[in-house]
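Engineer: Mind having a look at this structure? Questions to follow.
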Amino acid sequence: MLVASLTWSAMSMPMSIVRVVMGQVGYTARQSLTTIEIHFVGMYAPGFITGTLIQKFGPQWNVLAGVLIFFVGLVFNFLAKEDDNGSVAIWMLGLFLVGVAWNFCFTAATIWTTALYKKMPRLKPRVQAANDASMFLFGGAWLVSSSFIFEKGGSGLEGWDVLNGVVVGLVALMGLLVVWDAVLAKRETTAIKTSMQAAVTEEKVVVDA
């Protein structure tokens with residue numbers, strides 16, 4: 001559930017501020033609008049393949065792929081410059097990749113959440129309600145705070161860099177959560193195998209006796 005919340009936050013913070021920043025550093029309204037439009041394409045176009053990828057590799061690996069794409073997109077966000085010194089294509093590519101990353105992470109996180117009530121279907125309404133509430137409350141809080149973070153960073157490119165620095169932290173936390181879950185799952189699997197081997201050994205000893 002927390003992965004979905006972090007995904008929404010990491011995607012919506014740059015999206016909500018990018019047009020303001022681009023206007024401050026010399027880009028036209030048409031250029032910033034096109035950047036947002038390309039961002040939306042990145043958010044939804046991968047939906048044609050993410051389901052297949054999740055089915056083949058599992059939600060955890062897709063979240064990690066999304067985390068990597070997030071980081072690449074954020075690199076381009078940090079490289080974005082004023083209209084006189086940079087290219088609008090860098091802004092577009094950065095926001096496009098952030099959108100793609102959101103699709104990978106959010107779709108996988110949604111599928112992952114269903115595993116929480118797979119063995120106990122009666123918990124489905126509670127789990128879904130908790131997931132939606134945490135996602136929109138957490139994501140909404142970061143979205144509202146994005147303008148404050150941007151202004152405290154100095155507005156313009158300075159504020160943009162500070163905002164993306166916060167997003168880096170959110171994405172890193174997302175990656176750590178997935179890795180930690182994988183470690184716990186491996187420990188559980190190892191414990192089960194050890195217990196089964198011990199039971200087989202004990203049964204063999206009793207039979208031999």
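Labels for the structure tokens follow display order: chains A, B, ..., residues from 1 in each chain, ligands from 1.
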Name all residues at most 10 Å from segment 172-189 of chain A (count only C-alpha atoms; drop same-chain ones fewer than 5 positions away) and give them as a count of residues only.
Structural biologist: 23
Engineer: Mind checking which residues fall within 12 Å of Ser145 of chain A, counting only C-alpha atoms, ignoring those fewer than 2 positions away in the same chain, and posting them as an mmCIF file with C-alpha atoms, in the first residue's frame?
Structural biologist:
```cif
data_model
loop_
_atom_site.group_PDB
_atom_site.id
_atom_site.type_symbol
_atom_site.label_atom_id
_atom_site.label_comp_id
_atom_site.auth_asym_id
_atom_site.auth_seq_id
_atom_site.Cartn_x
_atom_site.Cartn_y
_atom_site.Cartn_z
ATOM 1 C CA SER A 9 3.652 11.429 -4.615
ATOM 2 C CA SER A 12 2.516 14.284 -8.949
ATOM 3 C CA MET A 13 5.064 16.615 -7.349
ATOM 4 C CA PRO A 14 7.101 17.382 -10.508
ATOM 5 C CA SER A 16 2.200 19.944 -10.538
ATOM 6 C CA ILE A 17 5.087 22.440 -10.667
ATOM 7 C CA PHE A 138 -0.333 10.603 1.521
ATOM 8 C CA GLY A 139 -0.134 11.613 -2.127
ATOM 9 C CA GLY A 140 -2.393 14.608 -1.535
ATOM 10 C CA ALA A 141 -0.255 15.825 1.346
ATOM 11 C CA TRP A 142 2.902 15.750 -0.774
ATOM 12 C CA LEU A 143 1.088 17.335 -3.704
ATOM 13 C CA SER A 147 4.492 24.414 -3.963
ATOM 14 C CA PHE A 148 5.851 25.151 -0.483
ATOM 15 C CA ILE A 149 8.958 23.045 -1.141
ATOM 16 C CA PHE A 150 9.431 24.724 -4.508
ATOM 17 C CA GLU A 151 9.196 28.236 -3.073
ATOM 18 C CA LYS A 152 11.432 27.451 -0.105
ATOM 19 C CA LEU A 163 11.693 19.539 -5.300
ATOM 20 C CA VAL A 166 12.701 15.347 -2.294
#
```
Engineer: Rounded to one decimal place, report the atom CA of Ile69 of chain A-atom CA of Thr34 of chain A distance in Å.
Structural biologist: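 Atom CA of Thr34 of chain A lies at a distance of 20.8 Å from atom CA of Ile69 of chain A.
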Engineer: Give me the residues within 8 Å of segment 18-24 of chain A as a list in words, counting only C-alpha atoms and dropping any in the same chain fewer than 6 places off.
Structural biologist: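 These residues fall inside the cut-off: Ser32, Leu33, Ile36, Glu82, Ser155, Gly156, Leu157 and Trp160 of chain A.
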Engineer: List as a list in words the protein and nucleic acid residues near Thr107 of chain A, meaning an atom at most 9 Å away when only C-alpha atoms are counted, but skip any in the same chain fewer than 5 places from it.
Structural biologist: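 In the requested form, the answer reads Ala4, Gly47, Thr50, Gly51, Ile54, Pro59, Asn62, Val63, Trp102 and Trp112 of chain A.
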Engineer: Mind giving me the straight-line distance from atom CA of Phe106 of chain A to atom CA of Ala80 of chain A in Å, one decimal?
Structural biologist: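 Here the two named atoms are 25.5 Å from each other.
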Engineer: Counting only C-alpha atoms, which of A:Ala108, A:Leu123, A:Met92, A:Leu170 gets nearest to Asn77 of chain A?
Structural biologist: A:Met92
Engineer: If you count only C-alpha atoms, which residues fall within 8 Å of Pro46 of chain A, apart from same-chain ones fewer than 2 positions away, as an NGL selection string?
Structural biologist: :A and (42-44 or 48-50 or 100 or 103-104)
Engineer: Name the closest residue to Val171 of chain A among the candidates A:Leu74, A:Ala45, A:Ile38, A:Val25; distances are taken between atoms, counting only C-alpha atoms.
Structural biologist: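 Using only C-alpha atoms, Val171 of chain A sits closest to A:Leu74.
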Engineer: Could you check how far atom CA of Leu137 of chain A sits from atom CA of Trp8 of chain A, in Å to one decimal?
Structural biologist: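 Going from atom CA of Leu137 of chain A over to atom CA of Trp8 of chain A covers 10.3 Å.
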Engineer: Tell me which protein, DNA and RNA residues are within 10 Å of Asp84 of chain A, counting only C-alpha atoms, leaving out same-chain ones fewer than 3 positions away, and put them as JSON, numbers by chain.
Structural biologist: {"A": [25, 26, 27, 81, 87]}
Engineer: Have a look at A:Thr35, A:Thr114, A:Thr190, A:Thr28 and name the one nearest to Phe96 of chain A; count only C-alpha atoms.
Structural biologist: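 Smallest distance to Phe96 of chain A is found for A:Thr35.
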